[in-house]
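Quick notes on the structure that follows.
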Amino acid sequence: MAGDFSVLWRLVRGMPSAGSHQDRLEGFYGGQAKDYDQFRERLLQGRGDLLTNLPLAPGARIAEFGGGTGRNLEFLGDRLKDCAEATVVDLCRPLLAQAYQRISERGWTNVRTVNADVCTWRPDQPLDAIYFSYCLTMVPDWWRAAENAIACLKPGGVLGVVDFYVSRKEPGDGLVRHGGFARHFWPLWFAHDGVRPSQDHLPWLLSRLERLHLAECKAKVPYLPVLRVPYYRFIGRKPAG
Ligand SMILES: C[S@@+](CC[C@H](N)C(=O)[O-])C[C@H]1O[C@@H](n2cnc3c(N)ncnc32)[C@H](O)[C@@H]1O
């Protein structure tokens, strides 16, 4: 509970407005890094489902873009041991320090952390799978991060995304439509903490990748008993040619 108050205090203060993107992330997360996982367990829904559905062959090379504390690797269970390499890429050093501690404690010899911007980081060789978990909404130039992820994949590799979003007023065929309140409220609510739920991320992903999995859902928000926030899970394959 004390951890919750510390995180809530940081959320109320919001994302610092000065400095580089890295400065702002570290200013925001620095004081809550130790309590991050416990609070986000309730706020960031669908992460386990994304990782469970991510197709991974033994020997896969994978990366989480904006991987923070590395918590999501736990959702892979025994499949993580079968990966040749897993990389947690993040700009925020206090969160990566938590990831590093987790890797040491678990004895994961095939996992490493990299302090880098997901808009520009490149692996030594193309990857089989990359996923973003509640990261794209925190990258100001999100399309650069998404383009870069696709460029880092092998042809036929898979990209997974789970994140908050809002629908367009007129979404495409088969997509969920959110009411006017949701479309306007959630971007305003999250902006204070540097999170930008967008109407463009999902249509962009659908236009660039072959759809393997899509779920449009709503989740409870800690300490907001009445409201439900929209989020999606998407897995797509990079075209082979
Ligand atoms: C809401 S947290 C999610 C962390 C983790 N993926 C999870 O599911 O718990 C967003 C993460 O994206 C990272 N991030 C934001 N912009 C980034 C960028 N341009 N490059 C690398 N990491 C970034 C933040 O530092 C933070 O760790």
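Within each chain, counting starts at residue 1; across the structure tokens, chains are named A, B, ... in the order shown, with ligands numbered 1 upward in that order.
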Could you make a table, as a Markdown table, of the residues of chain A that have an atom within 7 Å of an atom of ligand 1, each with its nearest atom pair and distance in Å to one decimal, counting only C-alpha atoms and all ligand atoms, in chain and number order?
| residue | atom | partner | partner_atom_place_in_ligand_line | distance |
| --- | --- | --- | --- | --- |
| A:Leu25 | CA | ligand 1 | 25 (O) | 5.5 |
| A:Asp37 | CA | ligand 1 | 9 (O) | 6.8 |
| A:Arg40 | CA | ligand 1 | 9 (O) | 6.6 |
| A:Leu44 | CA | ligand 1 | 8 (O) | 6.7 |
| A:Arg47 | CA | ligand 1 | 8 (O) | 6.8 |
| A:Phe65 | CA | ligand 1 | 22 (N) | 6.3 |
| A:Gly66 | CA | ligand 1 | 12 (O) | 3.7 |
| A:Gly67 | CA | ligand 1 | 6 (N) | 4.0 |
| A:Gly68 | CA | ligand 1 | 27 (O) | 3.6 |
| A:Thr69 | CA | ligand 1 | 9 (O) | 6.5 |
| A:Gly70 | CA | ligand 1 | 5 (C) | 6.9 |
| A:Arg71 | CA | ligand 1 | 9 (O) | 6.3 |
| A:Asn72 | CA | ligand 1 | 8 (O) | 6.2 |
| A:Val89 | CA | ligand 1 | 21 (C) | 6.1 |
| A:Asp90 | CA | ligand 1 | 22 (N) | 3.7 |
| A:Leu91 | CA | ligand 1 | 21 (C) | 4.1 |
| A:Cys92 | CA | ligand 1 | 25 (O) | 4.3 |
| A:Leu95 | CA | ligand 1 | 27 (O) | 6.2 |
| A:Ala116 | CA | ligand 1 | 21 (C) | 5.8 |
| A:Asp117 | CA | ligand 1 | 20 (N) | 3.5 |
| A:Val118 | CA | ligand 1 | 20 (N) | 4.0 |
| A:Cys119 | CA | ligand 1 | 19 (N) | 5.8 |
| A:Phe132 | CA | ligand 1 | 6 (N) | 6.3 |
| A:Ser133 | CA | ligand 1 | 6 (N) | 4.2 |
| A:Tyr134 | CA | ligand 1 | 3 (C) | 4.8 |
| A:Cys135 | CA | ligand 1 | 12 (O) | 4.1 |
| A:Met138 | CA | ligand 1 | 15 (C) | 4.9 |
| A:Val139 | CA | ligand 1 | 16 (N) | 4.4 |
Include C-alpha atoms and write out the residues we just selected as a PDB file, in the first residue's frame.
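The file below, out35.pdb, is the result:
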ATOM      1  CA  LEU A  25      11.334   9.410 -18.488  1.00  0.00           C
ATOM      2  CA  ASP A  37       5.744  -3.678 -11.086  1.00  0.00           C
ATOM      3  CA  ARG A  40       1.308  -1.757 -13.089  1.00  0.00           C
ATOM      4  CA  LEU A  44      -1.420  -2.621 -17.592  1.00  0.00           C
ATOM      5  CA  ARG A  47       0.355  -8.304 -21.188  1.00  0.00           C
ATOM      6  CA  PHE A  65      10.998  -2.371 -27.070  1.00  0.00           C
ATOM      7  CA  GLY A  66      10.435  -0.173 -24.001  1.00  0.00           C
ATOM      8  CA  GLY A  67      10.813  -3.253 -21.792  1.00  0.00           C
ATOM      9  CA  GLY A  68      11.232  -1.344 -18.508  1.00  0.00           C
ATOM     10  CA  THR A  69      11.746  -3.707 -15.567  1.00  0.00           C
ATOM     11  CA  GLY A  70      11.695  -6.837 -17.750  1.00  0.00           C
ATOM     12  CA  ARG A  71       8.590  -8.072 -15.963  1.00  0.00           C
ATOM     13  CA  ASN A  72       6.959  -9.236 -19.194  1.00  0.00           C
ATOM     14  CA  VAL A  89      15.615  -2.144 -24.779  1.00  0.00           C
ATOM     15  CA  ASP A  90      14.720   0.975 -22.820  1.00  0.00           C
ATOM     16  CA  LEU A  91      15.805   4.601 -22.442  1.00  0.00           C
ATOM     17  CA  CYS A  92      15.085   4.763 -18.698  1.00  0.00           C
ATOM     18  CA  LEU A  95      13.752   0.804 -14.808  1.00  0.00           C
ATOM     19  CA  ALA A 116      18.805   2.925 -26.073  1.00  0.00           C
ATOM     20  CA  ASP A 117      16.036   4.724 -27.931  1.00  0.00           C
ATOM     21  CA  VAL A 118      13.661   2.310 -29.651  1.00  0.00           C
ATOM     22  CA  CYS A 119      13.351   4.759 -32.568  1.00  0.00           C
ATOM     23  CA  PHE A 132       5.850  -3.273 -27.341  1.00  0.00           C
ATOM     24  CA  SER A 133       3.910  -3.351 -24.075  1.00  0.00           C
ATOM     25  CA  TYR A 134       2.413   0.028 -23.169  1.00  0.00           C
ATOM     26  CA  CYS A 135       5.406   1.718 -24.795  1.00  0.00           C
ATOM     27  CA  MET A 138       4.877   6.941 -24.505  1.00  0.00           C
ATOM     28  CA  VAL A 139       7.033   7.552 -27.593  1.00  0.00           C
TER      29      VAL A 139
END
Helix (DSSP H, G or I) call set, DSSP backbone run, region 40-160 of chain A, as a PDB file with N, CA and C atoms, in the first residue's frame:
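And here is the file that came out, states-v6.pdb:
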ATOM      1  N   ARG A  40       1.673  -1.530 -11.672  1.00  0.00           N
ATOM      2  CA  ARG A  40       1.308  -1.757 -13.089  1.00  0.00           C
ATOM      3  C   ARG A  40       0.654  -3.116 -13.296  1.00  0.00           C
ATOM      4  N   GLU A  41       0.799  -4.021 -12.321  1.00  0.00           N
ATOM      5  CA  GLU A  41       0.139  -5.331 -12.428  1.00  0.00           C
ATOM      6  C   GLU A  41      -1.362  -5.138 -12.620  1.00  0.00           C
ATOM      7  N   ARG A  42      -1.901  -4.102 -11.964  1.00  0.00           N
ATOM      8  CA  ARG A  42      -3.349  -3.851 -12.054  1.00  0.00           C
ATOM      9  C   ARG A  42      -3.701  -2.885 -13.176  1.00  0.00           C
ATOM     10  N   LEU A  43      -2.753  -2.020 -13.571  1.00  0.00           N
ATOM     11  CA  LEU A  43      -3.075  -0.988 -14.570  1.00  0.00           C
ATOM     12  C   LEU A  43      -2.859  -1.473 -15.995  1.00  0.00           C
ATOM     13  N   ARG A  47      -1.038  -8.015 -20.839  1.00  0.00           N
ATOM     14  CA  ARG A  47       0.355  -8.304 -21.188  1.00  0.00           C
ATOM     15  C   ARG A  47       0.605  -9.813 -21.228  1.00  0.00           C
ATOM     16  N   GLY A  48       0.059 -10.531 -20.263  1.00  0.00           N
ATOM     17  CA  GLY A  48       0.235 -11.987 -20.255  1.00  0.00           C
ATOM     18  C   GLY A  48      -0.381 -12.623 -21.495  1.00  0.00           C
ATOM     19  N   ASP A  49      -1.565 -12.130 -21.890  1.00  0.00           N
ATOM     20  CA  ASP A  49      -2.222 -12.694 -23.078  1.00  0.00           C
ATOM     21  C   ASP A  49      -1.402 -12.426 -24.339  1.00  0.00           C
ATOM     22  N   LEU A  50      -0.803 -11.229 -24.418  1.00  0.00           N
ATOM     23  CA  LEU A  50       0.017 -10.931 -25.599  1.00  0.00           C
ATOM     24  C   LEU A  50       1.185 -11.916 -25.683  1.00  0.00           C
ATOM     25  N   LEU A  51       1.877 -12.080 -24.564  1.00  0.00           N
ATOM     26  CA  LEU A  51       3.077 -12.937 -24.570  1.00  0.00           C
ATOM     27  C   LEU A  51       2.710 -14.402 -24.795  1.00  0.00           C
ATOM     28  N   THR A  52       1.561 -14.820 -24.261  1.00  0.00           N
ATOM     29  CA  THR A  52       1.130 -16.208 -24.451  1.00  0.00           C
ATOM     30  C   THR A  52       0.841 -16.483 -25.925  1.00  0.00           C
ATOM     31  N   ASN A  53       0.298 -15.485 -26.604  1.00  0.00           N
ATOM     32  CA  ASN A  53      -0.087 -15.673 -28.015  1.00  0.00           C
ATOM     33  C   ASN A  53       1.041 -15.394 -29.007  1.00  0.00           C
ATOM     34  N   ARG A  71       9.617  -7.243 -16.580  1.00  0.00           N
ATOM     35  CA  ARG A  71       8.590  -8.072 -15.963  1.00  0.00           C
ATOM     36  C   ARG A  71       7.908  -8.996 -16.987  1.00  0.00           C
ATOM     37  N   ASN A  72       7.734  -8.471 -18.218  1.00  0.00           N
ATOM     38  CA  ASN A  72       6.959  -9.236 -19.194  1.00  0.00           C
ATOM     39  C   ASN A  72       7.640 -10.538 -19.615  1.00  0.00           C
ATOM     40  N   LEU A  73       8.960 -10.606 -19.450  1.00  0.00           N
ATOM     41  CA  LEU A  73       9.660 -11.849 -19.803  1.00  0.00           C
ATOM     42  C   LEU A  73       9.160 -13.015 -18.958  1.00  0.00           C
ATOM     43  N   GLU A  74       8.700 -12.703 -17.744  1.00  0.00           N
ATOM     44  CA  GLU A  74       8.187 -13.761 -16.859  1.00  0.00           C
ATOM     45  C   GLU A  74       6.982 -14.463 -17.495  1.00  0.00           C
ATOM     46  N   PHE A  75       6.199 -13.701 -18.288  1.00  0.00           N
ATOM     47  CA  PHE A  75       5.009 -14.298 -18.909  1.00  0.00           C
ATOM     48  C   PHE A  75       5.378 -15.381 -19.926  1.00  0.00           C
ATOM     49  N   LEU A  76       6.616 -15.377 -20.400  1.00  0.00           N
ATOM     50  CA  LEU A  76       7.021 -16.387 -21.388  1.00  0.00           C
ATOM     51  C   LEU A  76       7.250 -17.751 -20.745  1.00  0.00           C
ATOM     52  N   GLY A  77       7.447 -17.771 -19.425  1.00  0.00           N
ATOM     53  CA  GLY A  77       7.648 -19.051 -18.737  1.00  0.00           C
ATOM     54  C   GLY A  77       8.819 -19.801 -19.332  1.00  0.00           C
ATOM     55  N   ASP A  78       8.636 -21.105 -19.551  1.00  0.00           N
ATOM     56  CA  ASP A  78       9.735 -21.940 -20.051  1.00  0.00           C
ATOM     57  C   ASP A  78      10.148 -21.572 -21.475  1.00  0.00           C
ATOM     58  N   ARG A  79       9.263 -20.884 -22.225  1.00  0.00           N
ATOM     59  CA  ARG A  79       9.626 -20.535 -23.602  1.00  0.00           C
ATOM     60  C   ARG A  79      10.823 -19.582 -23.648  1.00  0.00           C
ATOM     61  N   LEU A  80      11.027 -18.824 -22.540  1.00  0.00           N
ATOM     62  CA  LEU A  80      12.181 -17.904 -22.518  1.00  0.00           C
ATOM     63  C   LEU A  80      13.498 -18.677 -22.590  1.00  0.00           C
ATOM     64  N   ARG A  93      17.094   4.418 -17.355  1.00  0.00           N
ATOM     65  CA  ARG A  93      18.068   3.607 -16.618  1.00  0.00           C
ATOM     66  C   ARG A  93      17.546   3.072 -15.281  1.00  0.00           C
ATOM     67  N   PRO A  94      16.753   3.839 -14.519  1.00  0.00           N
ATOM     68  CA  PRO A  94      16.249   3.265 -13.249  1.00  0.00           C
ATOM     69  C   PRO A  94      15.370   2.018 -13.476  1.00  0.00           C
ATOM     70  N   LEU A  95      14.568   2.003 -14.538  1.00  0.00           N
ATOM     71  CA  LEU A  95      13.752   0.804 -14.808  1.00  0.00           C
ATOM     72  C   LEU A  95      14.638  -0.339 -15.304  1.00  0.00           C
ATOM     73  N   LEU A  96      15.613  -0.005 -16.140  1.00  0.00           N
ATOM     74  CA  LEU A  96      16.523  -1.060 -16.630  1.00  0.00           C
ATOM     75  C   LEU A  96      17.329  -1.669 -15.487  1.00  0.00           C
ATOM     76  N   ALA A  97      17.630  -0.873 -14.447  1.00  0.00           N
ATOM     77  CA  ALA A  97      18.351  -1.422 -13.294  1.00  0.00           C
ATOM     78  C   ALA A  97      17.508  -2.509 -12.630  1.00  0.00           C
ATOM     79  N   GLN A  98      16.189  -2.301 -12.593  1.00  0.00           N
ATOM     80  CA  GLN A  98      15.291  -3.338 -12.052  1.00  0.00           C
ATOM     81  C   GLN A  98      15.335  -4.581 -12.938  1.00  0.00           C
ATOM     82  N   ALA A  99      15.354  -4.359 -14.261  1.00  0.00           N
ATOM     83  CA  ALA A  99      15.424  -5.497 -15.196  1.00  0.00           C
ATOM     84  C   ALA A  99      16.729  -6.264 -14.986  1.00  0.00           C
ATOM     85  N   TYR A 100      17.814  -5.530 -14.821  1.00  0.00           N
ATOM     86  CA  TYR A 100      19.122  -6.163 -14.642  1.00  0.00           C
ATOM     87  C   TYR A 100      19.125  -7.027 -13.375  1.00  0.00           C
ATOM     88  N   GLN A 101      18.520  -6.483 -12.313  1.00  0.00           N
ATOM     89  CA  GLN A 101      18.443  -7.239 -11.044  1.00  0.00           C
ATOM     90  C   GLN A 101      17.621  -8.513 -11.234  1.00  0.00           C
ATOM     91  N   ARG A 102      16.500  -8.388 -11.966  1.00  0.00           N
ATOM     92  CA  ARG A 102      15.642  -9.560 -12.216  1.00  0.00           C
ATOM     93  C   ARG A 102      16.420 -10.635 -12.988  1.00  0.00           C
ATOM     94  N   ILE A 103      17.156 -10.198 -14.018  1.00  0.00           N
ATOM     95  CA  ILE A 103      17.918 -11.141 -14.857  1.00  0.00           C
ATOM     96  C   ILE A 103      18.955 -11.881 -14.000  1.00  0.00           C
ATOM     97  N   SER A 104      19.633 -11.121 -13.123  1.00  0.00           N
ATOM     98  CA  SER A 104      20.643 -11.744 -12.246  1.00  0.00           C
ATOM     99  C   SER A 104      19.994 -12.735 -11.298  1.00  0.00           C
ATOM    100  N   GLU A 105      18.875 -12.319 -10.670  1.00  0.00           N
ATOM    101  CA  GLU A 105      18.223 -13.189  -9.686  1.00  0.00           C
ATOM    102  C   GLU A 105      17.703 -14.478 -10.320  1.00  0.00           C
ATOM    103  N   ARG A 106      17.172 -14.361 -11.549  1.00  0.00           N
ATOM    104  CA  ARG A 106      16.599 -15.550 -12.206  1.00  0.00           C
ATOM    105  C   ARG A 106      17.669 -16.414 -12.873  1.00  0.00           C
ATOM    106  N   LEU A 136       4.417   2.207 -26.988  1.00  0.00           N
ATOM    107  CA  LEU A 136       4.188   3.085 -28.148  1.00  0.00           C
ATOM    108  C   LEU A 136       3.495   4.384 -27.741  1.00  0.00           C
ATOM    109  N   THR A 137       2.561   4.314 -26.783  1.00  0.00           N
ATOM    110  CA  THR A 137       1.843   5.523 -26.362  1.00  0.00           C
ATOM    111  C   THR A 137       2.759   6.494 -25.613  1.00  0.00           C
ATOM    112  N   MET A 138       3.962   6.041 -25.225  1.00  0.00           N
ATOM    113  CA  MET A 138       4.877   6.941 -24.505  1.00  0.00           C
ATOM    114  C   MET A 138       5.987   7.473 -25.403  1.00  0.00           C
ATOM    115  N   TRP A 142       5.923   7.981 -32.318  1.00  0.00           N
ATOM    116  CA  TRP A 142       5.650   6.545 -32.201  1.00  0.00           C
ATOM    117  C   TRP A 142       5.849   5.812 -33.525  1.00  0.00           C
ATOM    118  N   TRP A 143       5.569   6.482 -34.659  1.00  0.00           N
ATOM    119  CA  TRP A 143       5.691   5.800 -35.947  1.00  0.00           C
ATOM    120  C   TRP A 143       7.149   5.486 -36.254  1.00  0.00           C
ATOM    121  N   ARG A 144       8.094   6.309 -35.738  1.00  0.00           N
ATOM    122  CA  ARG A 144       9.524   6.008 -35.930  1.00  0.00           C
ATOM    123  C   ARG A 144       9.876   4.725 -35.183  1.00  0.00           C
ATOM    124  N   ALA A 145       9.352   4.586 -33.965  1.00  0.00           N
ATOM    125  CA  ALA A 145       9.613   3.360 -33.184  1.00  0.00           C
ATOM    126  C   ALA A 145       9.005   2.149 -33.882  1.00  0.00           C
ATOM    127  N   ALA A 146       7.783   2.309 -34.399  1.00  0.00           N
ATOM    128  CA  ALA A 146       7.100   1.176 -35.048  1.00  0.00           C
ATOM    129  C   ALA A 146       7.803   0.815 -36.362  1.00  0.00           C
ATOM    130  N   GLU A 147       8.189   1.834 -37.144  1.00  0.00           N
ATOM    131  CA  GLU A 147       8.929   1.578 -38.396  1.00  0.00           C
ATOM    132  C   GLU A 147      10.253   0.878 -38.085  1.00  0.00           C
ATOM    133  N   ASN A 148      10.921   1.358 -37.031  1.00  0.00           N
ATOM    134  CA  ASN A 148      12.219   0.773 -36.675  1.00  0.00           C
ATOM    135  C   ASN A 148      12.056  -0.687 -36.258  1.00  0.00           C
ATOM    136  N   ALA A 149      10.993  -0.975 -35.507  1.00  0.00           N
ATOM    137  CA  ALA A 149      10.756  -2.362 -35.078  1.00  0.00           C
ATOM    138  C   ALA A 149      10.567  -3.266 -36.298  1.00  0.00           C
ATOM    139  N   ILE A 150       9.782  -2.802 -37.248  1.00  0.00           N
ATOM    140  CA  ILE A 150       9.552  -3.623 -38.451  1.00  0.00           C
ATOM    141  C   ILE A 150      10.877  -3.833 -39.201  1.00  0.00           C
ATOM    142  N   ALA A 151      11.685  -2.770 -39.258  1.00  0.00           N
ATOM    143  CA  ALA A 151      12.982  -2.881 -39.952  1.00  0.00           C
ATOM    144  C   ALA A 151      13.909  -3.870 -39.232  1.00  0.00           C
ATOM    145  N   CYS A 152      13.747  -4.010 -37.914  1.00  0.00           N
ATOM    146  CA  CYS A 152      14.621  -4.923 -37.138  1.00  0.00           C
ATOM    147  C   CYS A 152      14.206  -6.385 -37.274  1.00  0.00           C
TER     148      CYS A 152
END
Exercise for the section: Step one, run DSSP on the backbone; step two, keep only residues of region 4-220 of chain A assigned to strand (DSSP E or B); then write them as a PyMOL selection string. Expected result: chain A and resi 61-65+85-90+111-115+127-133+153-165+198+210-220
Write out, as a CSV table (one decimal), in the first residue's frame, the residues just selected, with N, CA and C atoms.
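Written output follows (selection.csv):
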chain,number,residue,atom,x,y,z
A,61,ARG,N,15.3,-15.2,-31.6
A,61,ARG,CA,15.9,-14.0,-31.1
A,61,ARG,C,14.8,-13.0,-31.0
A,62,ILE,N,14.6,-12.4,-29.8
A,62,ILE,CA,13.5,-11.5,-29.5
A,62,ILE,C,14.0,-10.3,-28.8
A,63,ALA,N,13.1,-9.3,-28.8
A,63,ALA,CA,13.4,-8.0,-28.0
A,63,ALA,C,12.1,-7.4,-27.6
A,64,GLU,N,12.1,-6.9,-26.4
A,64,GLU,CA,11.0,-6.0,-26.0
A,64,GLU,C,11.4,-4.6,-26.1
A,65,PHE,N,10.7,-3.8,-26.9
A,65,PHE,CA,11.0,-2.4,-27.1
A,65,PHE,C,10.3,-1.6,-26.0
A,85,GLU,N,18.2,-15.6,-27.6
A,85,GLU,CA,18.5,-14.3,-27.0
A,85,GLU,C,17.3,-13.4,-26.8
A,86,ALA,N,17.2,-12.8,-25.7
A,86,ALA,CA,16.1,-11.8,-25.5
A,86,ALA,C,16.7,-10.5,-25.0
A,87,THR,N,16.3,-9.4,-25.6
A,87,THR,CA,16.9,-8.1,-25.3
A,87,THR,C,15.8,-7.2,-24.8
A,88,VAL,N,16.1,-6.5,-23.6
A,88,VAL,CA,15.2,-5.5,-23.1
A,88,VAL,C,15.8,-4.2,-23.4
A,89,VAL,N,15.1,-3.4,-24.3
A,89,VAL,CA,15.6,-2.1,-24.8
A,89,VAL,C,14.8,-1.1,-24.1
A,90,ASP,N,15.5,-0.1,-23.5
A,90,ASP,CA,14.7,1.0,-22.8
A,90,ASP,C,15.6,2.2,-22.6
A,111,VAL,N,19.4,-13.4,-21.6
A,111,VAL,CA,18.7,-12.1,-21.6
A,111,VAL,C,19.7,-11.0,-21.3
A,112,ARG,N,19.6,-9.8,-22.0
A,112,ARG,CA,20.4,-8.7,-21.7
A,112,ARG,C,19.6,-7.4,-21.8
A,113,THR,N,20.1,-6.4,-21.2
A,113,THR,CA,19.5,-5.1,-21.2
A,113,THR,C,20.3,-4.1,-22.1
A,114,VAL,N,19.6,-3.2,-22.8
A,114,VAL,CA,20.3,-2.2,-23.6
A,114,VAL,C,19.6,-0.9,-23.3
A,115,ASN,N,20.4,0.1,-23.0
A,115,ASN,CA,19.9,1.5,-22.7
A,115,ASN,C,20.0,2.2,-24.1
A,127,LEU,N,15.7,-9.9,-36.1
A,127,LEU,CA,15.1,-10.6,-35.0
A,127,LEU,C,13.8,-11.4,-35.5
A,128,ASP,N,13.4,-12.4,-34.7
A,128,ASP,CA,12.3,-13.2,-35.0
A,128,ASP,C,11.0,-12.6,-34.4
A,129,ALA,N,11.1,-11.9,-33.3
A,129,ALA,CA,9.9,-11.3,-32.7
A,129,ALA,C,10.3,-10.1,-31.9
A,130,ILE,N,9.5,-9.1,-31.9
A,130,ILE,CA,9.6,-7.8,-31.1
A,130,ILE,C,8.2,-7.5,-30.6
A,131,TYR,N,8.2,-7.1,-29.3
A,131,TYR,CA,6.9,-6.6,-28.8
A,131,TYR,C,7.1,-5.3,-28.0
A,132,PHE,N,6.0,-4.5,-28.1
A,132,PHE,CA,5.8,-3.3,-27.3
A,132,PHE,C,4.7,-3.5,-26.3
A,133,SER,N,5.0,-3.2,-25.1
A,133,SER,CA,3.9,-3.4,-24.1
A,133,SER,C,3.8,-2.0,-23.4
A,153,LEU,N,13.0,-6.6,-37.8
A,153,LEU,CA,12.5,-8.0,-37.9
A,153,LEU,C,13.0,-8.7,-39.2
A,154,LYS,N,13.2,-10.0,-39.1
A,154,LYS,CA,13.4,-10.8,-40.3
A,154,LYS,C,12.1,-10.8,-41.2
A,155,PRO,N,12.2,-11.0,-42.5
A,155,PRO,CA,10.9,-11.2,-43.2
A,155,PRO,C,10.2,-12.4,-42.6
A,156,GLY,N,8.9,-12.2,-42.3
A,156,GLY,CA,8.1,-13.3,-41.7
A,156,GLY,C,8.2,-13.2,-40.1
A,157,GLY,N,9.0,-12.3,-39.6
A,157,GLY,CA,9.0,-12.1,-38.1
A,157,GLY,C,7.7,-11.5,-37.6
A,158,VAL,N,7.6,-11.5,-36.3
A,158,VAL,CA,6.3,-11.0,-35.8
A,158,VAL,C,6.5,-9.9,-34.8
A,159,LEU,N,5.5,-9.0,-34.9
A,159,LEU,CA,5.5,-7.8,-34.0
A,159,LEU,C,4.2,-7.9,-33.1
A,160,GLY,N,4.4,-7.8,-31.8
A,160,GLY,CA,3.3,-7.8,-30.9
A,160,GLY,C,3.1,-6.4,-30.2
A,161,VAL,N,1.9,-5.9,-30.0
A,161,VAL,CA,1.7,-4.7,-29.3
A,161,VAL,C,0.5,-4.8,-28.4
A,162,VAL,N,0.7,-4.4,-27.1
A,162,VAL,CA,-0.5,-4.2,-26.2
A,162,VAL,C,-0.4,-2.8,-25.7
A,163,ASP,N,-1.5,-2.1,-25.8
A,163,ASP,CA,-1.4,-0.7,-25.3
A,163,ASP,C,-2.8,-0.1,-25.2
A,164,PHE,N,-2.9,1.1,-24.5
A,164,PHE,CA,-4.1,1.9,-24.5
A,164,PHE,C,-4.4,2.5,-25.9
A,165,TYR,N,-5.6,2.8,-26.2
A,165,TYR,CA,-5.9,3.4,-27.5
A,165,TYR,C,-7.3,4.0,-27.4
A,198,SER,N,-3.9,6.7,-28.7
A,198,SER,CA,-4.1,7.3,-30.1
A,198,SER,C,-5.2,6.5,-30.9
A,210,GLU,N,0.6,-8.3,-41.6
A,210,GLU,CA,-0.4,-9.3,-41.8
A,210,GLU,C,-1.0,-9.7,-40.4
A,211,ARG,N,-2.3,-9.5,-40.2
A,211,ARG,CA,-2.9,-9.7,-38.9
A,211,ARG,C,-2.9,-11.2,-38.5
A,212,LEU,N,-2.3,-11.5,-37.3
A,212,LEU,CA,-2.4,-12.8,-36.7
A,212,LEU,C,-3.4,-12.9,-35.6
A,213,HIS,N,-3.5,-11.8,-34.8
A,213,HIS,CA,-4.3,-11.8,-33.6
A,213,HIS,C,-4.7,-10.3,-33.3
A,214,LEU,N,-5.9,-10.1,-33.0
A,214,LEU,CA,-6.4,-8.8,-32.6
A,214,LEU,C,-7.5,-9.0,-31.5
A,215,ALA,N,-7.3,-8.3,-30.4
A,215,ALA,CA,-8.4,-8.2,-29.4
A,215,ALA,C,-8.5,-6.8,-28.9
A,216,GLU,N,-9.7,-6.3,-29.0
A,216,GLU,CA,-10.0,-4.9,-28.5
A,216,GLU,C,-10.8,-5.1,-27.2
A,217,CYS,N,-10.3,-4.5,-26.1
A,217,CYS,CA,-10.8,-4.8,-24.8
A,217,CYS,C,-10.9,-3.6,-23.9
A,218,LYS,N,-11.5,-3.7,-22.7
A,218,LYS,CA,-11.5,-2.6,-21.7
A,218,LYS,C,-11.1,-3.2,-20.4
A,219,ALA,N,-10.4,-2.3,-19.6
A,219,ALA,CA,-9.9,-2.8,-18.3
A,219,ALA,C,-10.3,-1.8,-17.2
A,220,LYS,N,-10.3,-2.4,-16.0
A,220,LYS,CA,-10.5,-1.6,-14.8
A,220,LYS,C,-9.3,-0.7,-14.6
Practice task
Could you tell me how far CA of Ala18 (chain A) lies from CA of Gln32 (chain A), in Å and to one decimal?
Solution key: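 These atoms are spaced 18.9 Å apart.
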Exercise for the section: List the neighbours of Gly194 (chain A) out to 10 Å using only C-alpha atoms; skip same-chain residues closer than 4 positions along the sequence, and give me the result as a PyMOL selection string. Expected result: chain A and resi 11+14-17+24-25+28+137-140+187+189-190
Practice task
For Pro171 (chain A), work out the shell of residues within 12 Å, counting only C-alpha atoms and skipping chain neighbours fewer than 4 positions away, then give it as a PyMOL selection string.
Solution key: chain A and resi 166-167+175-179+183+199-200+202-203
Exercise for the section: Take CA of Trp204 (chain A) and CA of Leu227 (chain A) and report the distance between them in Å, one decimal. Expected result: 26.8 Å
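For the pair CA of Val7 (chain A) and CA of Arg233 (chain A), the interatomic distance is 25.2 Å.
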Problem - Nearest residue to Gly59 (chain A) from the set A:Phe39, A:Leu206, A:Ala33, A:Ala84 (distances using only C-alpha atoms) - result: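 The shortest atom-to-atom distance to Gly59 (chain A) comes from A:Ala84.
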